[in-house]
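What follows is input18.tsv (TSV, C-alpha atoms and all ligand atoms).
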```
chain	number	residue	atom	x	y	z
A	2	MET	CA	-110.65	-60.23	-14.96
A	3	ILE	CA	-111.64	-58.17	-11.92
A	4	PRO	CA	-109.21	-57.92	-8.97
A	5	THR	CA	-110.16	-59.31	-5.58
A	6	PRO	CA	-111.53	-56.58	-3.23
A	7	PHE	CA	-108.94	-54.36	-1.55
A	8	ASP	CA	-108.77	-51.31	0.69
A	9	TYR	CA	-107.14	-48.14	-0.56
A	10	ALA	CA	-105.26	-45.43	1.34
A	11	ARG	CA	-103.21	-42.50	0.14
A	12	ALA	CA	-99.92	-41.93	1.98
A	13	THR	CA	-99.27	-38.30	2.84
A	14	SER	CA	-95.54	-38.67	3.57
A	15	LEU	CA	-92.74	-41.21	3.44
A	16	ASP	CA	-93.09	-41.93	7.17
A	17	ASP	CA	-96.85	-42.32	6.75
A	18	ALA	CA	-96.31	-44.84	3.93
A	19	VAL	CA	-93.78	-46.82	6.01
A	20	ALA	CA	-96.14	-46.81	9.02
A	21	LYS	CA	-99.08	-47.98	6.89
A	22	LEU	CA	-96.98	-50.75	5.32
A	23	LYS	CA	-95.75	-51.95	8.72
A	24	ALA	CA	-99.27	-51.84	10.19
A	25	SER	CA	-100.59	-54.03	7.37
A	26	GLY	CA	-98.31	-56.90	8.45
A	27	GLY	CA	-97.36	-57.72	4.86
A	28	ARG	CA	-100.93	-57.67	3.53
A	29	ALA	CA	-100.69	-54.29	1.78
A	30	LYS	CA	-98.75	-53.26	-1.32
A	31	LEU	CA	-97.51	-49.88	-2.42
A	32	ILE	CA	-98.91	-48.53	-5.65
A	33	ALA	CA	-97.05	-45.86	-7.62
A	34	GLY	CA	-97.93	-45.74	-11.35
A	35	GLY	CA	-99.89	-49.00	-11.18
A	36	HIS	CA	-98.64	-50.07	-14.61
A	37	SER	CA	-97.13	-53.33	-13.37
A	38	LEU	CA	-99.20	-53.97	-10.23
A	39	VAL	CA	-102.70	-53.39	-11.64
A	40	PRO	CA	-102.28	-55.88	-14.52
A	41	LEU	CA	-101.07	-58.47	-11.98
A	42	MET	CA	-104.10	-57.78	-9.76
A	43	LYS	CA	-106.45	-58.10	-12.72
A	44	PHE	CA	-105.01	-61.55	-13.44
A	45	ARG	CA	-105.22	-62.27	-9.69
A	46	LEU	CA	-101.51	-63.03	-9.68
A	47	SER	CA	-101.29	-60.46	-6.87
A	48	GLU	CA	-104.09	-60.11	-4.31
A	49	PRO	CA	-103.10	-57.42	-1.78
A	50	ALA	CA	-105.66	-56.71	0.95
A	51	ALA	CA	-104.85	-53.01	0.67
A	52	LEU	CA	-103.09	-50.57	-1.64
A	53	ILE	CA	-101.05	-47.69	-0.25
A	54	ASP	CA	-100.81	-44.98	-2.88
A	55	ILE	CA	-97.41	-43.24	-2.85
A	56	ALA	CA	-97.87	-41.31	-6.09
A	57	ARG	CA	-98.47	-37.96	-4.39
A	58	ILE	CA	-95.90	-38.06	-1.59
A	59	PRO	CA	-94.13	-34.68	-1.64
A	60	GLY	CA	-90.46	-35.00	-2.50
A	61	LEU	CA	-90.61	-38.60	-3.74
A	62	SER	CA	-90.19	-37.49	-7.33
A	63	GLY	CA	-87.71	-35.18	-9.00
A	64	ILE	CA	-84.20	-35.19	-10.43
A	65	ARG	CA	-81.31	-33.17	-9.03
A	66	GLU	CA	-77.52	-33.05	-8.84
A	67	GLN	CA	-75.91	-32.90	-5.43
A	68	GLU	CA	-72.19	-32.99	-4.70
A	69	GLY	CA	-71.43	-34.45	-8.11
A	70	ARG	CA	-74.05	-37.21	-7.94
A	71	ILE	CA	-77.43	-37.45	-9.65
A	72	HIS	CA	-80.42	-38.21	-7.40
A	73	ILE	CA	-83.65	-39.45	-9.01
A	74	GLY	CA	-86.66	-39.77	-6.72
A	75	ALA	CA	-88.33	-43.17	-6.88
A	76	GLY	CA	-91.67	-41.61	-7.78
A	77	THR	CA	-90.30	-39.88	-10.89
A	78	VAL	CA	-92.27	-40.97	-13.96
A	79	HIS	CA	-90.45	-42.23	-17.05
A	80	HIS	CA	-91.53	-39.18	-19.08
A	81	ASP	CA	-89.84	-36.80	-16.64
A	82	VAL	CA	-86.65	-38.89	-16.75
A	83	ALA	CA	-86.75	-38.94	-20.56
A	84	SER	CA	-87.19	-35.16	-20.80
A	85	SER	CA	-84.77	-34.12	-18.02
A	86	ALA	CA	-82.32	-31.47	-19.26
A	87	LEU	CA	-79.94	-32.39	-16.41
A	88	LEU	CA	-79.83	-36.03	-17.46
A	89	ARG	CA	-79.56	-35.17	-21.18
A	90	ASP	CA	-76.50	-33.06	-20.33
A	91	LYS	CA	-74.77	-35.15	-17.64
A	92	CYS	CA	-75.91	-38.75	-18.14
A	93	PRO	CA	-77.92	-39.11	-21.36
A	94	VAL	CA	-78.13	-42.91	-21.19
A	95	VAL	CA	-80.76	-42.68	-18.43
A	96	ALA	CA	-82.97	-40.28	-20.40
A	97	ASP	CA	-82.53	-42.34	-23.59
A	98	THR	CA	-83.60	-45.49	-21.78
A	99	ALA	CA	-86.68	-43.91	-20.22
A	100	ALA	CA	-87.72	-42.63	-23.66
A	101	GLN	CA	-87.74	-46.23	-24.94
A	102	ILE	CA	-90.09	-47.58	-22.24
A	103	GLY	CA	-93.56	-48.61	-23.41
A	104	ASP	CA	-95.73	-45.87	-24.89
A	105	PRO	CA	-96.62	-42.31	-23.80
A	106	GLN	CA	-99.35	-43.53	-21.41
A	107	VAL	CA	-96.91	-45.89	-19.67
A	108	ARG	CA	-94.21	-43.22	-19.55
A	109	HIS	CA	-96.53	-40.65	-17.95
A	110	ARG	CA	-97.65	-43.01	-15.14
A	111	GLY	CA	-94.88	-45.58	-14.58
A	112	THR	CA	-92.12	-44.73	-12.11
A	113	LEU	CA	-88.44	-45.55	-11.67
A	114	GLY	CA	-89.03	-46.98	-8.18
A	115	GLY	CA	-91.94	-49.11	-9.38
A	116	SER	CA	-89.87	-50.52	-12.20
A	117	LEU	CA	-86.92	-51.42	-9.95
A	118	ALA	CA	-89.10	-52.88	-7.16
A	119	HIS	CA	-91.11	-54.96	-9.62
A	120	ALA	CA	-87.90	-56.23	-11.29
A	121	ASP	CA	-89.54	-57.58	-14.41
A	122	PRO	CA	-86.86	-59.66	-16.17
A	123	ALA	CA	-87.53	-57.62	-19.35
A	124	ALA	CA	-87.54	-54.14	-17.75
A	125	ASP	CA	-85.10	-51.56	-19.06
A	126	TYR	CA	-83.93	-49.59	-16.02
A	127	PRO	CA	-82.25	-52.52	-14.23
A	128	ALA	CA	-79.57	-52.78	-16.94
A	129	VAL	CA	-78.86	-49.06	-16.68
A	130	VAL	CA	-78.62	-48.86	-12.89
A	131	LEU	CA	-76.19	-51.80	-13.05
A	132	ALA	CA	-74.02	-50.05	-15.66
A	133	LEU	CA	-74.03	-46.84	-13.60
A	134	ASP	CA	-73.15	-48.77	-10.41
A	135	ALA	CA	-76.05	-46.89	-8.81
A	136	ASP	CA	-77.04	-46.90	-5.15
A	137	ILE	CA	-80.66	-47.67	-4.31
A	138	HIS	CA	-81.82	-45.83	-1.18
A	139	LEU	CA	-84.55	-47.56	0.83
A	140	LYS	CA	-86.51	-46.55	3.90
A	141	GLY	CA	-88.29	-48.92	6.27
A	142	PRO	CA	-89.37	-49.14	9.91
A	143	LYS	CA	-85.74	-49.77	10.94
A	144	GLY	CA	-84.49	-46.68	9.09
A	145	TRP	CA	-82.48	-46.07	5.93
A	146	ARG	CA	-80.58	-48.65	3.91
A	147	VAL	CA	-78.47	-48.34	0.76
A	148	VAL	CA	-78.14	-51.29	-1.63
A	149	LYS	CA	-75.76	-51.33	-4.59
A	150	ALA	CA	-77.56	-52.06	-7.85
A	151	SER	CA	-75.24	-55.06	-8.32
A	152	ASP	CA	-76.67	-56.59	-5.09
A	153	PHE	CA	-80.29	-55.53	-5.61
A	154	PHE	CA	-81.59	-57.86	-8.34
A	155	LYS	CA	-81.73	-61.35	-6.87
A	156	ASP	CA	-84.03	-63.48	-9.04
A	157	LEU	CA	-87.24	-63.38	-11.07
A	158	PHE	CA	-89.29	-60.45	-9.68
A	159	THR	CA	-87.12	-60.67	-6.55
A	160	VAL	CA	-84.99	-57.87	-5.12
A	161	ASP	CA	-83.12	-57.09	-1.90
A	162	MET	CA	-86.03	-55.22	-0.29
A	163	GLU	CA	-88.21	-56.07	2.71
A	164	ALA	CA	-92.02	-56.03	2.37
A	165	ASP	CA	-92.17	-52.93	4.57
A	166	GLU	CA	-89.43	-50.97	2.79
A	167	ILE	CA	-89.84	-48.24	0.18
A	168	ILE	CA	-87.39	-47.26	-2.54
A	169	VAL	CA	-86.87	-43.55	-2.01
A	170	SER	CA	-84.24	-42.65	-4.60
A	171	VAL	CA	-81.56	-43.88	-6.96
A	172	GLN	CA	-78.20	-42.12	-6.84
A	173	PHE	CA	-75.15	-42.38	-9.10
A	174	ALA	CA	-72.14	-40.53	-10.47
A	175	PRO	CA	-73.05	-39.28	-13.94
A	176	VAL	CA	-71.34	-40.96	-16.90
A	177	ARG	CA	-71.52	-39.34	-20.35
A	178	ALA	CA	-69.75	-42.21	-22.14
A	179	ALA	CA	-72.66	-44.61	-21.72
A	180	ALA	CA	-75.42	-45.98	-23.94
A	181	TYR	CA	-78.33	-48.44	-23.94
A	182	ALA	CA	-79.31	-50.70	-26.84
A	183	LYS	CA	-82.31	-52.98	-26.86
A	184	LEU	CA	-84.14	-55.41	-29.05
A	185	HIS	CA	-87.69	-54.59	-28.07
A	186	GLN	CA	-90.84	-56.63	-28.14
A	187	ARG	CA	-92.95	-54.92	-30.79
A	188	ALA	CA	-96.21	-54.52	-28.87
A	189	SER	CA	-95.07	-53.65	-25.34
A	190	ARG	CA	-91.51	-52.44	-26.02
A	191	TYR	CA	-90.19	-54.55	-23.12
A	192	ALA	CA	-86.64	-55.74	-23.75
A	193	ILE	CA	-86.18	-59.12	-25.41
A	194	VAL	CA	-82.51	-58.30	-24.86
A	195	GLY	CA	-81.28	-54.94	-23.52
A	196	VAL	CA	-77.71	-53.90	-22.75
A	197	ALA	CA	-76.41	-50.77	-21.02
A	198	ALA	CA	-72.70	-49.96	-21.19
A	199	ALA	CA	-70.73	-47.29	-19.32
A	200	LEU	CA	-67.06	-46.55	-19.95
A	201	ASP	CA	-64.44	-44.82	-17.81
A	202	VAL	CA	-61.98	-43.47	-20.36
A	203	SER	CA	-58.53	-41.99	-19.85
A	204	GLY	CA	-55.88	-41.10	-22.43
A	205	GLY	CA	-57.66	-42.92	-25.26
A	206	ARG	CA	-58.01	-46.14	-23.26
A	207	VAL	CA	-60.85	-47.81	-21.41
A	208	GLU	CA	-59.87	-47.59	-17.76
A	209	SER	CA	-62.87	-49.64	-16.71
A	210	ALA	CA	-66.25	-50.64	-18.10
A	211	ARG	CA	-69.56	-51.68	-16.60
A	212	VAL	CA	-72.10	-53.53	-18.69
A	213	GLY	CA	-75.63	-54.45	-17.54
A	214	LEU	CA	-77.86	-56.99	-19.30
A	215	THR	CA	-81.65	-57.31	-19.07
A	216	GLY	CA	-84.20	-59.47	-20.85
A	217	ALA	CA	-82.03	-62.54	-21.25
A	218	GLY	CA	-82.22	-64.15	-17.81
A	219	SER	CA	-84.39	-64.31	-14.70
A	220	HIS	CA	-83.00	-60.95	-13.58
A	221	ALA	CA	-80.68	-58.21	-14.75
A	222	THR	CA	-77.00	-58.94	-14.35
A	223	ARG	CA	-73.52	-57.51	-15.09
A	224	LEU	CA	-71.57	-58.93	-18.04
A	225	THR	CA	-68.29	-59.25	-16.18
A	226	ALA	CA	-66.48	-61.13	-18.97
A	227	VAL	CA	-67.03	-58.14	-21.29
A	228	GLU	CA	-66.00	-55.67	-18.58
A	229	GLN	CA	-62.75	-57.56	-17.97
A	230	ALA	CA	-62.01	-57.85	-21.69
A	231	LEU	CA	-62.32	-54.08	-22.11
A	232	ALA	CA	-60.26	-52.93	-19.13
A	233	GLY	CA	-57.04	-51.28	-20.33
A	234	GLN	CA	-57.91	-51.66	-24.02
A	235	PRO	CA	-57.61	-48.83	-26.56
A	236	LEU	CA	-60.87	-47.00	-27.21
A	237	THR	CA	-61.37	-48.48	-30.69
A	238	PRO	CA	-64.20	-50.26	-32.53
A	239	ALA	CA	-61.94	-53.34	-32.86
A	240	ALA	CA	-61.39	-53.63	-29.10
A	241	ILE	CA	-65.09	-53.14	-28.49
A	242	GLY	CA	-66.07	-55.75	-31.07
A	243	ALA	CA	-63.69	-58.30	-29.53
A	244	ALA	CA	-65.01	-57.64	-26.02
A	245	ALA	CA	-68.65	-57.88	-27.15
A	246	GLU	CA	-67.97	-61.39	-28.46
A	247	ARG	CA	-67.50	-62.43	-24.82
A	248	ALA	CA	-71.02	-61.30	-23.90
A	249	GLY	CA	-72.57	-64.76	-23.86
A	250	ALA	CA	-69.86	-66.26	-21.63
A	251	GLY	CA	-71.12	-67.29	-18.21
A	252	LEU	CA	-74.83	-67.00	-19.02
A	253	THR	CA	-76.16	-70.24	-17.57
A	254	HIS	CA	-79.91	-69.74	-17.91
A	255	VAL	CA	-81.36	-67.82	-20.86
A	256	ASN	CA	-85.10	-67.15	-21.18
A	257	ALA	CA	-87.30	-68.70	-23.86
A	258	ASP	CA	-90.88	-67.50	-24.40
A	259	ILE	CA	-93.36	-66.65	-27.14
A	260	HIS	CA	-91.29	-63.61	-28.11
A	261	ALA	CA	-87.90	-65.28	-28.61
A	262	SER	CA	-86.26	-68.68	-28.22
A	263	GLU	CA	-83.25	-69.26	-25.97
A	264	ASP	CA	-80.99	-69.61	-29.04
A	265	TYR	CA	-82.22	-66.34	-30.51
A	266	ARG	CA	-81.70	-64.45	-27.26
A	267	ARG	CA	-78.22	-65.96	-26.87
A	268	ALA	CA	-77.39	-64.81	-30.40
A	269	MET	CA	-78.67	-61.30	-29.72
A	270	VAL	CA	-76.75	-60.72	-26.47
A	271	PRO	CA	-73.36	-60.01	-28.19
A	272	VAL	CA	-75.07	-58.02	-30.95
A	273	PHE	CA	-76.74	-55.62	-28.54
A	274	THR	CA	-73.69	-55.54	-26.29
A	275	ARG	CA	-71.65	-54.33	-29.27
A	276	ARG	CA	-74.29	-51.71	-30.13
A	277	ALA	CA	-74.37	-50.40	-26.56
A	278	LEU	CA	-70.57	-50.25	-26.42
A	279	GLU	CA	-70.43	-48.50	-29.80
A	280	GLY	CA	-72.92	-45.93	-28.49
A	281	ALA	CA	-70.76	-45.36	-25.41
A	282	LEU	CA	-67.67	-45.10	-27.62
A	283	ARG	CA	-69.38	-42.46	-29.78
A	284	ARG	CA	-70.21	-40.43	-26.70
A	285	ALA	CA	-66.67	-40.78	-25.32
A	286	THR	CA	-65.19	-39.70	-28.65
A	287	ALA	CA	-67.56	-36.75	-29.02
A	288	SER	CA	-66.77	-35.59	-25.50
A	289	THR	CA	-63.01	-35.84	-26.06
A	290	ALA	CA	-63.29	-33.93	-29.37
A	291	GLY	CA	-65.36	-31.21	-27.67
A	292	ARG	CA	-62.77	-30.77	-24.92
A	293	GLN	CA	-59.86	-30.69	-27.38
A	294	ARG	CA	-61.61	-27.93	-29.35
A	295	SER	CA	-61.98	-25.96	-26.15
A	296	GLY	CA	-58.21	-25.94	-25.43
A	297	PRO	CA	-55.01	-28.03	-25.50
A	298	SER	CA	-54.73	-28.18	-21.72
A	299	SER	CA	-57.78	-30.41	-21.51
A	300	SER	CA	-56.52	-33.20	-23.81
A	301	GLY	CA	-55.75	-36.56	-22.23
A	302	THR	CA	-57.97	-35.94	-19.22
A	303	ARG	CA	-60.08	-38.63	-17.64
A	304	TRP	CA	-63.65	-38.85	-18.92
A	305	ARG	CA	-66.54	-40.87	-17.61
B	401	LIG	C1	-98.26	-51.70	-21.90
B	401	LIG	C2	-97.04	-51.63	-21.04
B	401	LIG	C3	-95.80	-51.53	-21.64
B	401	LIG	C4	-94.65	-51.47	-20.86
B	401	LIG	N1	-93.43	-51.41	-21.48
B	401	LIG	C5	-92.31	-51.37	-20.73
B	401	LIG	C6	-91.02	-51.30	-21.35
B	401	LIG	O1	-90.88	-51.22	-22.56
B	401	LIG	N2	-89.94	-51.30	-20.52
B	401	LIG	C7	-90.04	-51.33	-19.16
B	401	LIG	O2	-89.02	-51.33	-18.47
B	401	LIG	N3	-91.24	-51.36	-18.56
B	401	LIG	C8	-92.37	-51.38	-19.30
B	401	LIG	N4	-93.59	-51.41	-18.69
B	401	LIG	C9	-93.65	-51.38	-17.22
B	401	LIG	C10	-93.73	-49.93	-16.72
B	401	LIG	O3	-92.48	-49.31	-16.88
B	401	LIG	C11	-94.16	-49.86	-15.24
B	401	LIG	O4	-94.66	-48.59	-15.04
B	401	LIG	C12	-93.09	-50.11	-14.23
B	401	LIG	O5	-92.48	-51.33	-14.41
B	401	LIG	C13	-93.68	-50.12	-12.82
B	401	LIG	O6	-93.78	-48.82	-12.34
B	401	LIG	P1	-95.10	-48.35	-11.65
B	401	LIG	O7	-94.80	-47.03	-11.04
B	401	LIG	O8	-96.21	-48.43	-12.60
B	401	LIG	O9	-95.24	-49.43	-10.45
B	401	LIG	P2	-96.54	-50.09	-9.83
B	401	LIG	O10	-97.25	-50.91	-10.86
B	401	LIG	O11	-97.34	-49.08	-9.08
B	401	LIG	O12	-95.84	-51.06	-8.76
B	401	LIG	C14	-95.06	-52.15	-9.20
B	401	LIG	C15	-94.49	-52.85	-7.97
B	401	LIG	O13	-93.52	-52.03	-7.35
B	401	LIG	C16	-93.88	-51.71	-5.98
B	401	LIG	N5	-93.47	-50.33	-5.79
B	401	LIG	C17	-93.84	-49.24	-6.53
B	401	LIG	N6	-93.15	-48.16	-6.13
B	401	LIG	C18	-92.34	-48.57	-5.11
B	401	LIG	C19	-91.37	-47.90	-4.31
B	401	LIG	N7	-91.06	-46.61	-4.44
B	401	LIG	N8	-90.73	-48.64	-3.37
B	401	LIG	C20	-90.98	-49.97	-3.22
B	401	LIG	N9	-91.88	-50.63	-3.96
B	401	LIG	C21	-92.54	-49.95	-4.90
B	401	LIG	C22	-95.37	-51.97	-5.91
B	401	LIG	O14	-95.77	-52.33	-4.60
B	401	LIG	C23	-95.53	-53.13	-6.87
B	401	LIG	O15	-95.17	-54.34	-6.24
B	401	LIG	C24	-94.75	-51.47	-19.44
B	401	LIG	C25	-96.02	-51.54	-18.82
B	401	LIG	C26	-97.15	-51.61	-19.61
B	401	LIG	C27	-98.50	-51.67	-18.94
```

Output the file's structure as structure tokens, nothing else.
Amino acid sequence: MIPTPFDYARATSLDDAVAKLKASGGRAKLIAGGHSLVPLMKFRLSEPAALIDIARIPGLSGIREQEGRIHIGAGTVHHDVASSALLRDKCPVVADTAAQIGDPQVRHRGTLGGSLAHADPAADYPAVVLALDADIHLKGPKGWRVVKASDFFKDLFTVDMEADEIIVSVQFAPVRAAAYAKLHQRASRYAIVGVAAALDVSGGRVESARVGLTGAGSHATRLTAVEQALAGQPLTPAAIGAAAERAGAGLTHVNADIHASEDYRRAMVPVFTRRALEGALRRATASTAGRQRSGPSSSGTRWR
């Protein structure tokens, strides 16, 4: 189908984009990669009167480390996240996840900010930002606002963001002991079920864990029963397996569609939770072994 007619303007700066959004009185939409918005417009499920293109705003994309935290600009495309040497070194789960999104065309156009703002129930990044306990930095006419990932995803395609706000960046403390595992839909690669797990490890024990789930419900959510079951446990496959069994607890609504029934998704949630936790365990173990090889003084230290 052909979209309804719309105006188009390219924003030259963040302030320009905010001003244009405010001036539209809710009738305009931002466009970044267009890989979620344009399909909706073609189906006439979204009919904005104007598009404000933010893809070329200087400084809205890029990945850097500042004072021990990773900052990813909202306009950063999935390919750049997947191929970031900084992320591969400090927080490989983010790069791994980006590499599993869609196909090369999608990864070269789609952006982190677009994915989070759109909040598709089957999108990958939401699970990861939940597991990393990331902060989402927004700018609007009233100024800056920071929303914790755990407060951001509210419902189906619904997030804590005003119509005139822009996601500017996502910031988090890097965690090496983290992994993402997904059962993907074969054609699009969207998650039928996707789980991201991040472990804080100290002295061979899980100090705390954060586990984010996508694909199963109306929006991404933390698996708190698994997190609680892991806290204080030894860093062993047995402890991880037992905690993963709790993954279905507390899931009230589980999606059913042409790709998977509710029962199938429910069955897959603990399976992919275990796989994500095992991936995080492997990274924690490899990191500990690497530090022990580099000297006895480093053994028993805390590792995230
Ligand atoms: C064939 C195909 C396969 C895909 N497979 C996957 C997959 O496997 N996993 C996955 O997670 N995703 C997948 N996607 C979605 C893809 O990752 C999208 O690129 C992404 O969800 C949206 O990013 P975008 O930059 O294209 O956003 P756009 O389509 O430009 O915008 C989406 C929405 O976000 C808003 N928006 C954009 N940027 C901002 C911002 N900075 N601040 C506030 N609002 C903003 C827009 O106004 C719009 O409402 C797939 C898409 C396609 C077409």

**Prompt:** How would you write, as a count of residues only, the set of residues no farther than 6 Å from ligand LIG 401 (chain B) when counting only C-alpha atoms and all ligand atoms?
**Reply:** 29

**Asked** Which is closest to A:Lys140 among A:Ala261, A:Leu278, A:Leu184, A:Val19, if we use only C-alpha atoms?
**Response**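 Of all the options, A:Val19 lies closest to A:Lys140.
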
**Item:** Nearby residues (all atoms listed in the file) at most 9 Å from A:Phe158, same-chain spacing under 4 positions excluded, as a ChimeraX atom specification
**Value:** /A:118-122,154,219-220

**Fill in**
Residue with the minimum atom-to-atom distance to A:Ser25, picked from A:Ala10, A:Met42, A:Val148, A:Ala132 with only C-alpha atoms counted, is A:Ala10

**Item:** Residue neighbourhood A:Ser62, 10 Å, only C-alpha atoms, exclusion window fewer than 6 positions, as a PyMOL selection string
**Value:** chain A and resi 56+72-78+81+112-114+169-170

**Item:** Which residue of A:Met2, A:Ala197, A:Gly60, A:His109 approaches A:Val82 most closely, using all atoms listed in the file
**Value:** A:His109

**Request:** Please identify all polymer residues within 7 Å of stretch 273-275 of chain A, counting all atoms listed in the file, omitting same-chain residues fewer than 3 positions from it, and present them as JSON, numbers by chain.
**Result:** {"A": [182, 183, 195, 196, 241, 242, 245, 248, 269, 270, 278, 279]}

**Asked** What does the distance from atom CA of A:Leu15 to atom CA of A:Leu61 come to in Å, to one decimal?
**Response**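 Separating atom CA of A:Leu15 from atom CA of A:Leu61 is a distance of 7.9 Å.
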
**Request:** Have a look at atom CA of A:Lys23 and atom CA of A:His79 and let me know their distance in Å, one decimal.
**Result:**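 Between atom CA of A:Lys23 and atom CA of A:His79 the gap is 28.0 Å.
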
**Item:** Residue contacts of A:Glu66 (10 Å, only C-alpha atoms) excluding same-chain residues fewer than 4 positions away, as JSON, numbers by chain
**Value:** {"A": [70, 71, 72, 73, 87, 88, 91, 172, 173, 174, 175]}

Write out, as a CSV table (one decimal), keeping the file's coordinate frame, the residues just selected, with C-alpha atoms.
```csv
chain,number,residue,atom,x,y,z
A,70,ARG,CA,-74.0,-37.2,-7.9
A,71,ILE,CA,-77.4,-37.4,-9.6
A,72,HIS,CA,-80.4,-38.2,-7.4
A,73,ILE,CA,-83.6,-39.4,-9.0
A,87,LEU,CA,-79.9,-32.4,-16.4
A,88,LEU,CA,-79.8,-36.0,-17.5
A,91,LYS,CA,-74.8,-35.2,-17.6
A,172,GLN,CA,-78.2,-42.1,-6.8
A,173,PHE,CA,-75.2,-42.4,-9.1
A,174,ALA,CA,-72.1,-40.5,-10.5
A,175,PRO,CA,-73.0,-39.3,-13.9
```

**Request:** Mind checking which residues fall within 12 Å of A:Ala198, counting all atoms listed in the file, ignoring those fewer than 4 positions away in the same chain, and posting them as a ChimeraX atom specification?
**Result:** /A:94-95,98,128-134,176-183,209-215,223-225,227-228,231,241,244-245,248,273-285,305

Writing out the chosen residues with C-alpha atoms as a short mmCIF file (atom, residue, chain, number, x, y, z; two decimals), in the coordinates of the input:
```cif
data_model
loop_
_atom_site.label_atom_id
_atom_site.label_comp_id
_atom_site.auth_asym_id
_atom_site.auth_seq_id
_atom_site.Cartn_x
_atom_site.Cartn_y
_atom_site.Cartn_z
CA VAL A 94 -78.13 -42.91 -21.19
CA VAL A 95 -80.76 -42.68 -18.43
CA THR A 98 -83.60 -45.49 -21.78
CA ALA A 128 -79.57 -52.78 -16.94
CA VAL A 129 -78.86 -49.06 -16.68
CA VAL A 130 -78.62 -48.86 -12.89
CA LEU A 131 -76.19 -51.80 -13.05
CA ALA A 132 -74.02 -50.05 -15.66
CA LEU A 133 -74.03 -46.84 -13.60
CA ASP A 134 -73.15 -48.77 -10.41
CA VAL A 176 -71.34 -40.96 -16.90
CA ARG A 177 -71.52 -39.34 -20.35
CA ALA A 178 -69.75 -42.21 -22.14
CA ALA A 179 -72.66 -44.61 -21.72
CA ALA A 180 -75.42 -45.98 -23.94
CA TYR A 181 -78.33 -48.44 -23.94
CA ALA A 182 -79.31 -50.70 -26.84
CA LYS A 183 -82.31 -52.98 -26.86
CA SER A 209 -62.87 -49.64 -16.71
CA ALA A 210 -66.25 -50.64 -18.10
CA ARG A 211 -69.56 -51.68 -16.60
CA VAL A 212 -72.10 -53.53 -18.69
CA GLY A 213 -75.63 -54.45 -17.54
CA LEU A 214 -77.86 -56.99 -19.30
CA THR A 215 -81.65 -57.31 -19.07
CA ARG A 223 -73.52 -57.51 -15.09
CA LEU A 224 -71.57 -58.93 -18.04
CA THR A 225 -68.29 -59.25 -16.18
CA VAL A 227 -67.03 -58.14 -21.29
CA GLU A 228 -66.00 -55.67 -18.58
CA LEU A 231 -62.32 -54.08 -22.11
CA ILE A 241 -65.09 -53.14 -28.49
CA ALA A 244 -65.01 -57.64 -26.02
CA ALA A 245 -68.65 -57.88 -27.15
CA ALA A 248 -71.02 -61.30 -23.90
CA PHE A 273 -76.74 -55.62 -28.54
CA THR A 274 -73.69 -55.54 -26.29
CA ARG A 275 -71.65 -54.33 -29.27
CA ARG A 276 -74.29 -51.71 -30.13
CA ALA A 277 -74.37 -50.40 -26.56
CA LEU A 278 -70.57 -50.25 -26.42
CA GLU A 279 -70.43 -48.50 -29.80
CA GLY A 280 -72.92 -45.93 -28.49
CA ALA A 281 -70.76 -45.36 -25.41
CA LEU A 282 -67.67 -45.10 -27.62
CA ARG A 283 -69.38 -42.46 -29.78
CA ARG A 284 -70.21 -40.43 -26.70
CA ALA A 285 -66.67 -40.78 -25.32
CA ARG A 305 -66.54 -40.87 -17.61
#
```

**Message:** One decimal, in Å: what's the spacing between atom CA of A:Gly144 and atom CA of A:Ala51?
**Reply:**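 Those two atoms sit 22.9 Å apart.
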
Return as lines of an AutoDock Vina configuration file the box centre and box size in Å, one decimal, for an axis-aligned box around all listed atoms of stretch 19-23 of chain A padded by 8 Å per side.
```
center_x = -96.4
center_y = -49.4
center_z = 7.2
size_x = 21.3
size_y = 21.1
size_z = 19.7
```

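Proximity to A:Thr222 was assessed for A:Cys92, A:Leu157, A:Ala257, A:Val207 counting all atoms listed in the file; the smallest distance is recorded for A:Leu157.
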